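The block underneath contains the structure these notes are about, expressed in structure tokens.
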Amino acid sequence: MKTIVFISIVLISGALAGLVHGTVNFTIVEPYLDQAIGLENESLFASGEAEDTLEFWAEYESYRIWQKSGQVLAGVILGLAMGSLFGIVFALSRNSLPGKNDVSKSIILSGLMWLTLYLIPFLKYPANPPTVGDGETVVLRMILYVSFIIISGVGVVVFYKISKKLQNNKKYVAVVGYAGLMMIAFAVMPDNPDEITAPMNLVNEFRFVSVLGVSSFWVTVGIVLGLFWKKFDKTSKLEYS
Amino acid sequence: MSEVRQINKSKSAVPKIAILALAIVFAAGLFVVGFDQGHIFSLVYGEQAFVDLTIHELTHDMRHAAGFPCH
Ligand SMILES: [Zn+2]
């Protein structure tokens, strides 16, 4: 495969999966965001920080429309970013991934990255709707979240390499080692410092649809890149163009 | 035997330039959606505030929905 073809299929599959992610969010996550922001507005009125006037609502509507339409565009941008990471990892690991062909290999890798880079970190630091977070702690929360993802991602790679060095190729050692590492990280890393002030059922439903949205990205990117790879990879190796 | 190994090695060779290009897309895209704090830049750049805030608001809903820390 030529370099330019490789880069193109990675970016296209990332953008497509991001488009799916953005569209899914636009449909199923936005109603919860509206509810959460509605609660936020009520508390602004209650505290006197804003007044329940026509001007307030006119301004609110104009930026909410902008924010909502951003879902899809931001989905594509995020899709390009995560799709690029996925493409890099797939190209580097394709030969050692299980699976009969490029499509099943790609789907297996996307499932693995969904689990280690998204779902496991989500269990420790779940998504929150607006109104929950404290603006003062956003930097701390980012550092915690990113550190946890890096621990998880690097952990997988390190334990995989260790398992390859062991005799008899004991793959379960990697799984046990990774599970142990993540349990320690779960116990040691501090929790999200913010108190949840929004109704818990709103937060839980928001989290559920948020997981569906992100999962739609990983499913799509795995299938699409796998199909592209199968179609364009005639020589079964990458060549300099 | 050594010939087989040679072939396997060339199979896994991925052009570094492609990795670099995709890594840049990854870092830039993730920053825009997940971590850019328009607020902070708007304090520094004044006139630029509208543009920065625009970007922040545009990616805001996805930031919440994708699980990134926000407000
Ligand atoms: Zn927010």
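Ligands are numbered from 1 in the order shown, chains are lettered A, B, ... in the order of the structure tokens, and residues start at 1 in each chain.
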
Each residue of chain B with at least one atom at most 9 Å from ligand 1 should appear once, together with its nearest atom pair and the corresponding distance in Å (one decimal); atoms considered: only C-alpha atoms and all ligand atoms; ordering: chain, then increasing residue number; output as a Markdown table.
```
| residue | atom | partner | partner_atom_place_in_ligand_line | distance |
| --- | --- | --- | --- | --- |
| B:Glu57 | CA | ligand 1 | 1 (Zn) | 8.7 |
| B:His60 | CA | ligand 1 | 1 (Zn) | 5.9 |
| B:Asp61 | CA | ligand 1 | 1 (Zn) | 7.0 |
| B:Arg63 | CA | ligand 1 | 1 (Zn) | 7.2 |
| B:His64 | CA | ligand 1 | 1 (Zn) | 6.1 |
| B:Pro69 | CA | ligand 1 | 1 (Zn) | 7.9 |
| B:Cys70 | CA | ligand 1 | 1 (Zn) | 4.4 |
| B:His71 | CA | ligand 1 | 1 (Zn) | 4.0 |
```

Could you tell me which residues of chain B sit within 9 Å of chain A when counting only C-alpha atoms, and give me the result as a compact mmCIF listing (two decimals) with N, CA, C and O atoms, in the first residue's frame?
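Output saved as selection39.txt:
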```
# COMPACT_ATOMS: atom_id res chain seq x y z
N ASN B 8 8.97 -11.22 6.76
CA ASN B 8 8.09 -10.81 7.85
C ASN B 8 8.44 -9.40 8.34
O ASN B 8 7.56 -8.63 8.67
N SER B 10 9.83 -6.92 6.61
CA SER B 10 9.45 -5.86 5.69
C SER B 10 7.93 -5.66 5.68
O SER B 10 7.44 -4.58 5.43
N LYS B 11 7.20 -6.72 6.03
CA LYS B 11 5.75 -6.60 6.10
C LYS B 11 5.29 -5.61 7.16
O LYS B 11 4.30 -4.92 6.99
N SER B 12 6.01 -5.58 8.26
CA SER B 12 5.55 -4.73 9.35
C SER B 12 6.15 -3.33 9.29
O SER B 12 5.91 -2.53 10.16
N ALA B 13 6.94 -3.05 8.27
CA ALA B 13 7.54 -1.73 8.16
C ALA B 13 6.49 -0.70 7.77
O ALA B 13 5.87 -0.81 6.73
N VAL B 14 6.28 0.25 8.63
CA VAL B 14 5.31 1.30 8.35
C VAL B 14 6.09 2.59 8.17
O VAL B 14 6.93 2.92 9.00
N PRO B 15 5.83 3.31 7.09
CA PRO B 15 6.59 4.55 6.85
C PRO B 15 6.49 5.51 8.04
O PRO B 15 5.39 5.80 8.51
N ILE B 17 7.01 8.62 8.12
CA ILE B 17 6.36 9.89 7.77
C ILE B 17 4.84 9.80 7.94
O ILE B 17 4.20 10.75 8.38
N ALA B 18 4.30 8.62 7.64
CA ALA B 18 2.85 8.43 7.80
C ALA B 18 2.47 8.44 9.27
O ALA B 18 1.47 9.04 9.67
N ILE B 19 3.29 7.78 10.07
CA ILE B 19 3.04 7.75 11.53
C ILE B 19 3.09 9.17 12.08
O ILE B 19 2.22 9.59 12.86
N ALA B 21 2.63 12.05 10.47
CA ALA B 21 1.49 12.85 10.00
C ALA B 21 0.24 12.52 10.81
O ALA B 21 -0.48 13.42 11.27
N LEU B 22 -0.01 11.24 11.00
CA LEU B 22 -1.22 10.84 11.73
C LEU B 22 -1.12 11.22 13.21
O LEU B 22 -2.12 11.59 13.83
N ALA B 23 0.10 11.16 13.76
CA ALA B 23 0.26 11.55 15.16
C ALA B 23 -0.05 13.03 15.35
O ALA B 23 -0.64 13.43 16.37
N ILE B 24 0.31 13.85 14.36
CA ILE B 24 0.01 15.28 14.43
C ILE B 24 -1.50 15.51 14.38
O ILE B 24 -2.06 16.29 15.16
N VAL B 25 -2.18 14.80 13.48
CA VAL B 25 -3.64 14.91 13.40
C VAL B 25 -4.27 14.49 14.73
O VAL B 25 -5.18 15.15 15.25
N PHE B 26 -3.76 13.42 15.30
CA PHE B 26 -4.27 12.92 16.58
C PHE B 26 -4.14 13.99 17.67
O PHE B 26 -5.13 14.35 18.34
N ALA B 27 -2.94 14.54 17.81
CA ALA B 27 -2.69 15.51 18.89
C ALA B 27 -3.52 16.78 18.68
O ALA B 27 -4.16 17.28 19.62
N ALA B 28 -3.53 17.28 17.45
CA ALA B 28 -4.24 18.54 17.19
C ALA B 28 -5.75 18.37 17.38
O ALA B 28 -6.41 19.18 18.04
N GLY B 29 -6.30 17.30 16.83
CA GLY B 29 -7.74 17.09 16.93
C GLY B 29 -8.19 16.86 18.35
O GLY B 29 -9.21 17.40 18.80
N LEU B 30 -7.41 16.08 19.08
CA LEU B 30 -7.77 15.80 20.47
C LEU B 30 -7.72 17.07 21.31
O LEU B 30 -8.59 17.31 22.16
N VAL B 32 -8.18 20.21 20.26
CA VAL B 32 -9.29 21.11 19.90
C VAL B 32 -10.58 20.65 20.58
O VAL B 32 -11.30 21.44 21.19
N VAL B 33 -10.87 19.35 20.49
CA VAL B 33 -12.15 18.87 21.03
C VAL B 33 -12.10 18.69 22.55
O VAL B 33 -13.01 19.09 23.26
N GLY B 34 -11.01 18.12 23.03
CA GLY B 34 -11.01 17.71 24.43
C GLY B 34 -10.46 18.71 25.42
O GLY B 34 -10.91 18.74 26.56
N PHE B 35 -9.50 19.53 25.00
CA PHE B 35 -8.77 20.25 26.03
C PHE B 35 -8.66 21.76 25.85
O PHE B 35 -8.23 22.44 26.76
N THR B 54 -15.84 30.77 20.24
CA THR B 54 -16.61 30.09 19.22
C THR B 54 -16.17 28.63 19.10
O THR B 54 -17.00 27.72 19.07
N ILE B 55 -14.85 28.45 19.06
CA ILE B 55 -14.34 27.08 18.93
C ILE B 55 -14.75 26.25 20.15
O ILE B 55 -15.19 25.12 20.04
N HIS B 56 -14.63 26.89 21.31
CA HIS B 56 -14.96 26.16 22.53
C HIS B 56 -16.43 25.74 22.54
O HIS B 56 -16.77 24.59 22.85
N GLU B 57 -17.30 26.69 22.18
CA GLU B 57 -18.73 26.38 22.20
C GLU B 57 -19.07 25.31 21.16
O GLU B 57 -19.94 24.47 21.38
N LEU B 58 -18.34 25.36 20.04
CA LEU B 58 -18.63 24.42 18.96
C LEU B 58 -18.31 22.98 19.37
O LEU B 58 -19.00 22.04 18.99
N THR B 59 -17.26 22.82 20.14
CA THR B 59 -16.87 21.46 20.53
C THR B 59 -17.42 21.09 21.91
O THR B 59 -17.21 19.99 22.39
N HIS B 60 -18.14 22.05 22.53
CA HIS B 60 -18.54 21.88 23.92
C HIS B 60 -19.39 20.63 24.17
O HIS B 60 -19.13 19.85 25.08
N ASP B 61 -20.42 20.44 23.35
CA ASP B 61 -21.35 19.33 23.61
C ASP B 61 -20.66 17.99 23.41
O ASP B 61 -20.91 17.04 24.15
N MET B 62 -19.78 17.93 22.40
CA MET B 62 -19.05 16.69 22.17
C MET B 62 -18.11 16.40 23.33
O MET B 62 -17.91 15.26 23.73
N ARG B 63 -17.56 17.46 23.90
CA ARG B 63 -16.65 17.27 25.03
C ARG B 63 -17.37 16.57 26.19
O ARG B 63 -16.84 15.62 26.76
N HIS B 64 -18.57 17.03 26.48
CA HIS B 64 -19.34 16.36 27.53
C HIS B 64 -19.69 14.94 27.11
O HIS B 64 -19.55 13.99 27.88
N ALA B 65 -20.20 14.81 25.88
CA ALA B 65 -20.73 13.52 25.43
C ALA B 65 -19.64 12.46 25.32
O ALA B 65 -19.90 11.28 25.52
N ALA B 66 -18.41 12.89 24.98
CA ALA B 66 -17.35 11.90 24.79
C ALA B 66 -16.63 11.60 26.10
O ALA B 66 -15.70 10.81 26.12
N GLY B 67 -17.05 12.25 27.19
CA GLY B 67 -16.50 11.91 28.50
C GLY B 67 -15.32 12.75 28.93
O GLY B 67 -14.70 12.46 29.95
N PHE B 68 -15.00 13.82 28.17
CA PHE B 68 -13.90 14.69 28.60
C PHE B 68 -14.37 15.58 29.75
O PHE B 68 -15.53 15.99 29.78
N PRO B 69 -13.47 15.89 30.65
CA PRO B 69 -13.85 16.80 31.75
C PRO B 69 -14.24 18.17 31.21
O PRO B 69 -13.60 18.68 30.29
N CYS B 70 -15.30 18.73 31.74
CA CYS B 70 -15.73 20.07 31.34
C CYS B 70 -16.36 20.74 32.56
O CYS B 70 -15.87 20.57 33.67
N HIS B 71 -17.45 21.44 32.35
CA HIS B 71 -18.02 22.19 33.48
C HIS B 71 -19.20 21.46 34.09
O HIS B 71 -19.59 20.43 33.57
```

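A straight line drawn from atom CA of A:Met189 to atom CA of A:Leu115 is 18.9 Å long.
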
(message) Between A:Met183, A:Ala17, A:Ile107, A:Ile37, which residue has the minimum interatomic distance to A:Ile223, considering only C-alpha atoms?
(response)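 With only C-alpha atoms as the atom set, the closest residue is A:Ile107.
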
(message) As an exercise, work out the distance from atom CA of A:Gly226 to atom CA of A:Ser13 in Å and give it to one decimal place.
(response)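 So the two atoms, atom CA of A:Gly226 and atom CA of A:Ser13, lie 9.2 Å apart.
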
(request) Once DSSP has gone over the backbone, tell me which residues of stretch 101-224 of chain A are in helix (DSSP H, G or I), as a PyMOL selection string. (result) chain A and resi 102-124+135-165+167-169+171-188+200-224
